[in-house]
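Here is the structure we will look at, set down as structure tokens.
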Amino acid sequence: MKKSLGAHTLLCPAPVVLVGSYDLERKPNLMTAAWAGLCCSKPPCVAVSLRPATYSHGQLVRSGVFTLNIPSAAQVKQADYCGMASGRDRDKLAVLGWTATPGEYVDAPVIDQVPLCLECKVIHTVELGMHTMFVGQIMDVKANEEILGPDGKPDPAKLDPLAFLPERRIYWGMNKILGDAFALGKDLL
């Protein structure tokens with residue numbers, strides 16, 4: 001029998017993303033977010049929700065673009081830092097020793113050391129209580145070559161994505177492939 005836990009943020013795991021934007025002085029900034037995910041196939045879109053109090057929120061509203069940089073589990077300490085420090089009073093990339101390249105399709109930073117990046121243009125915003133959800137159309141995906149498999153696509157074992165479990169407030173590595181989608185359940189059809 002299931003026990004009721006009430007209304008909580010228990011969709012887990014949640015992907016850990018580093019939201020990239022430029023401030024008015026064109027300083028690149030990163031903010032860690034876990035309220036993010038794919039939300040449309042055509043056009044390809046993601047949604048990320050930020051609190052208006054964050055420095056990054058204002059940058060997305062102003063610029064209408066952002067990047068979602070997907071860190072690996074090996075970058076958990078850096079990702080955690082980017083969620084605790086504010087770009088209002090420090091240069092997070094300088095602290096981390098990271099560098100950024102301007103996006104090719106949007107005016108937002110692509111973080112060189114983070115293995116996967118989605119360049120996004122805001123196409124919708126929705127006010128949701130204490131968060132604003134930004135729906136971004138994916139204009140391009142950039143991947144460091146070392147995470148690509150022989151087929152030229154990101155290899156999840158090489159990417160080793162990082163996840164967040166909200167109710168436990170812990171990060172989780174996800175580097176275990178369980179099988180092929182749309183194949184494992186075929187014998188049940």
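Simple scheme: letters A, B, ... for chains in structure tokens order, numbers from 1 for residues in each chain, numbers from 1 for ligands in the order shown.
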- prompt: Among chain A, which ones does DSSP place in helix (DSSP H, G or I), written as a ChimeraX atom specification?
  reply: /A:55-63,73-84,92-96,145-147,156-159,186-188
message: Could you list, as an MDAnalysis selection string, every residue within 10 Å of Val76 in chain A, counting only C-alpha atoms and ignoring same-chain residues fewer than 2 positions away?
response: chainID A and resid 16 71:74 78:82 161:163 171:173
Output N, CA, C and O atoms for every residue in the selection just made, as a short mmCIF file (atom, residue, chain, number, x, y, z; two decimals), in the first residue's frame.
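For reference, selection07.cif as written:
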```cif
data_model
loop_
_atom_site.label_atom_id
_atom_site.label_comp_id
_atom_site.auth_asym_id
_atom_site.auth_seq_id
_atom_site.Cartn_x
_atom_site.Cartn_y
_atom_site.Cartn_z
N VAL A 16 20.56 18.02 -13.83
CA VAL A 16 21.28 19.21 -13.38
C VAL A 16 21.79 19.93 -14.62
O VAL A 16 22.47 19.34 -15.46
N PRO A 71 26.52 19.41 -17.22
CA PRO A 71 27.78 18.96 -16.61
C PRO A 71 27.81 17.45 -16.43
O PRO A 71 26.77 16.79 -16.38
N SER A 72 29.01 16.92 -16.31
CA SER A 72 29.18 15.50 -16.01
C SER A 72 29.23 15.33 -14.49
O SER A 72 29.39 16.30 -13.74
N ALA A 73 29.10 14.10 -14.05
CA ALA A 73 29.15 13.80 -12.61
C ALA A 73 30.48 14.24 -12.01
O ALA A 73 30.54 14.63 -10.85
N ALA A 74 31.55 14.23 -12.81
CA ALA A 74 32.86 14.67 -12.31
C ALA A 74 32.88 16.16 -12.01
O ALA A 74 33.78 16.64 -11.32
N GLN A 78 31.68 21.86 -8.99
CA GLN A 78 31.55 23.11 -9.73
C GLN A 78 30.07 23.46 -9.96
O GLN A 78 29.67 24.62 -9.83
N ALA A 79 29.26 22.45 -10.28
CA ALA A 79 27.83 22.69 -10.48
C ALA A 79 27.17 23.15 -9.18
O ALA A 79 26.35 24.08 -9.19
N ASP A 80 27.53 22.55 -8.08
CA ASP A 80 26.97 22.94 -6.79
C ASP A 80 27.35 24.39 -6.47
O ASP A 80 26.51 25.17 -6.04
N TYR A 81 28.59 24.75 -6.72
CA TYR A 81 29.05 26.12 -6.49
C TYR A 81 28.22 27.12 -7.30
O TYR A 81 27.80 28.16 -6.79
N CYS A 82 27.97 26.79 -8.57
CA CYS A 82 27.21 27.71 -9.44
C CYS A 82 25.78 27.90 -8.97
O CYS A 82 25.12 28.87 -9.36
N PRO A 161 25.98 11.98 -17.10
CA PRO A 161 25.22 13.14 -16.63
C PRO A 161 24.97 13.11 -15.13
O PRO A 161 24.99 12.07 -14.48
N LEU A 162 24.70 14.28 -14.62
CA LEU A 162 24.49 14.50 -13.20
C LEU A 162 22.99 14.72 -12.97
O LEU A 162 22.34 15.40 -13.75
N ALA A 163 22.47 14.15 -11.89
CA ALA A 163 21.06 14.32 -11.55
C ALA A 163 20.94 14.86 -10.12
O ALA A 163 21.88 14.77 -9.33
N TYR A 171 22.96 14.99 -5.04
CA TYR A 171 23.28 14.76 -6.44
C TYR A 171 23.49 13.26 -6.63
O TYR A 171 23.93 12.56 -5.73
N TRP A 172 23.19 12.82 -7.84
CA TRP A 172 23.28 11.40 -8.15
C TRP A 172 23.91 11.24 -9.52
O TRP A 172 23.51 11.90 -10.48
N GLY A 173 24.89 10.35 -9.62
CA GLY A 173 25.46 10.00 -10.92
C GLY A 173 24.54 9.01 -11.61
O GLY A 173 23.87 8.21 -10.95
#
```
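Distances to Ile123 in chain A were evaluated for A:Val19, A:Val135, A:Ile170, A:Cys12 using only C-alpha atoms, and the minimum falls at A:Val135.
For range 148-150 of chain A, the set of protein, DNA and RNA residues having any atom at most 9 Å away, when counting only C-alpha atoms and skipping those fewer than 6 positions along the same chain, is Pro156, Lys158 and Leu159 of chain A.
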Just N, CA, C and O atoms for this one: save the residues we selected as a CSV table (one decimal), in the first residue's frame.
```
chain,number,residue,atom,x,y,z
A,156,PRO,N,26.0,8.3,-23.5
A,156,PRO,CA,25.7,8.6,-22.1
A,156,PRO,C,26.7,8.1,-21.1
A,156,PRO,O,26.9,8.7,-20.0
A,158,LYS,N,29.9,8.1,-21.6
A,158,LYS,CA,31.0,9.1,-21.7
A,158,LYS,C,30.6,10.5,-21.1
A,158,LYS,O,31.4,11.2,-20.5
A,159,LEU,N,29.3,10.8,-21.3
A,159,LEU,CA,28.8,12.1,-20.8
A,159,LEU,C,28.7,12.0,-19.2
A,159,LEU,O,29.0,12.9,-18.5
```
query: A:Ile70, A:Leu60, A:Ala181, A:Ala143: which is nearest His124 in chain A, counting only C-alpha atoms?
result: A:Leu60
query: Phe66 in chain A: which residues within 8 Å, counting only C-alpha atoms, same-chain residues fewer than 2 positions away excluded, as a ChimeraX atom specification?
result: /A:19-21,60,64,68,106-109,119-122,136
statement: re CA of Pro15 in chain A and CA of Asn29 in chain A: distance 19.1 Å
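Residue nearest Thr9 in chain A, chosen from A:Lys176, A:Arg26, A:Arg168, A:Lys186 and counting only C-alpha atoms: A:Arg168.
CA of Pro13 in chain A sits 23.1 Å away from CA of Ser56 in chain A.
Residue nearest Val17 in chain A, chosen from A:Met139, A:Asn69, A:Gly87, A:Leu116 and counting only C-alpha atoms: A:Asn69.
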